[in-house]
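Student: Quick one: the structure is below, and I'll ask about it shortly.
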Amino acid sequence: MPLVNIYIARHGETDANAQGILQGSRMDFPLNDRGRLQSEALHREMLAKSIDWTITSPLIRAVQTSEIARPHAAIPNTVDPRLTEISYGVADGQPVTVGRPLFCPVMAQWSQGNFDARVPEGDSLSECSERISEAFADIVRESVQKGYRNVLVCVHGGTMCAIMATLVARDLCKMNMYPHANCAYHHVTVEVPEDKNGAEIDMERLKFVPAAICVRSHLADIGLVEHQL
């Protein structure tokens with residue numbers, strides 16, 4: 001069976017991260033100087049992974065991370081709106097001291113199984129999980145069809161948690177069990193049956209296996225691990 005390695009990386013640091021501002025899909029901050037250094041460290045890490053394809057959220061912090069981190073400019077790159085960050089609604093752009101009291105009760109409801117809960121004007125976890133499943137079905141199918149075996153996906157902290165809960169844990173209540181940091185990554189493998197070369201991908205039957213969680217040694221070596229917001 002074809003084995004696809006998926007490296008799911010968080011974007012580099014932005015000024016919003018550094019200043020403790022909640023940064024959902026409504027906030028489109030670019031990388032700051034530290035974020036660019038982190039992305040360069042991720043680039044060096046990915047050079048050894050034989051990356052065939054990069055996919056990114058459309059938000060500028062993820063796009064810039066992908067542009068810097070991809071090992072070679074000739075590698076195909078796809079921008080997928082389904083991988084954008086969760087919207088925190090009215091909490092987006094608020095300092096943590098203001099935003100967390102709005103968002104934390106919703107996260108508590110998610111942990112108790114109410115995945116339709118949301119901050120006013122924000123996304124529910126069920127909506128986010130659905131678009132993630134659709135995006136990764138397409139990622140796996142295209143990887144098999146085009147012979148891509150090593151894929152880099154540049155996304156966001158909230159999206160990373162939802163990806164791991166949706167695909168790996170298969171339990172949205174476990175969204176918060178996977179740590180992340182700017183330009184850290186999860187390495188997940190998936191085996192695809194040979195007969196799925198052009199067929200519909202059954203996400204329920206695929207097993208996304210975590211090979212490494214929150215890899216950040218490439219950042220720690222140069223003192224760039226911080227900021228999980």
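Simple scheme: letters A, B, ... for chains in structure tokens order, numbers from 1 for residues in each chain, numbers from 1 for ligands in the order shown.
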Write out as CSV the residues of region 112-218 of chain A that have any atom within 9 Å of an atom of region 79-84 of chain A, one row each with the nearest atom pair and its distance in Å to one decimal, counting only C-alpha atoms, sorted by chain and then rising number.

Tutor:
```
residue,atom,partner,partner_atom,distance
A:Cys128,CA,A:Arg82,CA,8.2
A:Arg131,CA,A:Arg82,CA,5.4
A:Ile132,CA,A:Arg82,CA,6.3
A:Glu134,CA,A:Arg82,CA,8.0
A:Ala135,CA,A:Arg82,CA,6.2
A:Val153,CA,A:Leu83,CA,8.9
A:Cys154,CA,A:Leu83,CA,8.6
A:Val155,CA,A:Leu83,CA,6.4
A:His156,CA,A:Thr84,CA,7.3
A:Thr159,CA,A:Leu83,CA,6.9
```

Student: Where does DSSP see strand (DSSP E) in region 145-182 of chain A, if you list the residues as a count of residues only?

Tutor: 6

Student: So which residues of chain A fall under alpha helix (DSSP H) by DSSP, listed as a ChimeraX atom specification?

Tutor: /A:15-19,33-46,60-69,96-111,125-146,157-163,217-220

Student: How many Å separate CA of Cys214 (chain A) from CA of Ala184 (chain A)?

Tutor: 5.5 Å

Student: Which residues come within 12 Å of region 204-209 of chain A, counting only C-alpha atoms, excluding same-chain residues fewer than 2 positions away, as a count of residues only?

Tutor: 36

Student: What does the distance between CA of Val90 (chain A) and CA of His11 (chain A) come to in Å, to one decimal place?

Tutor: 22.5 Å
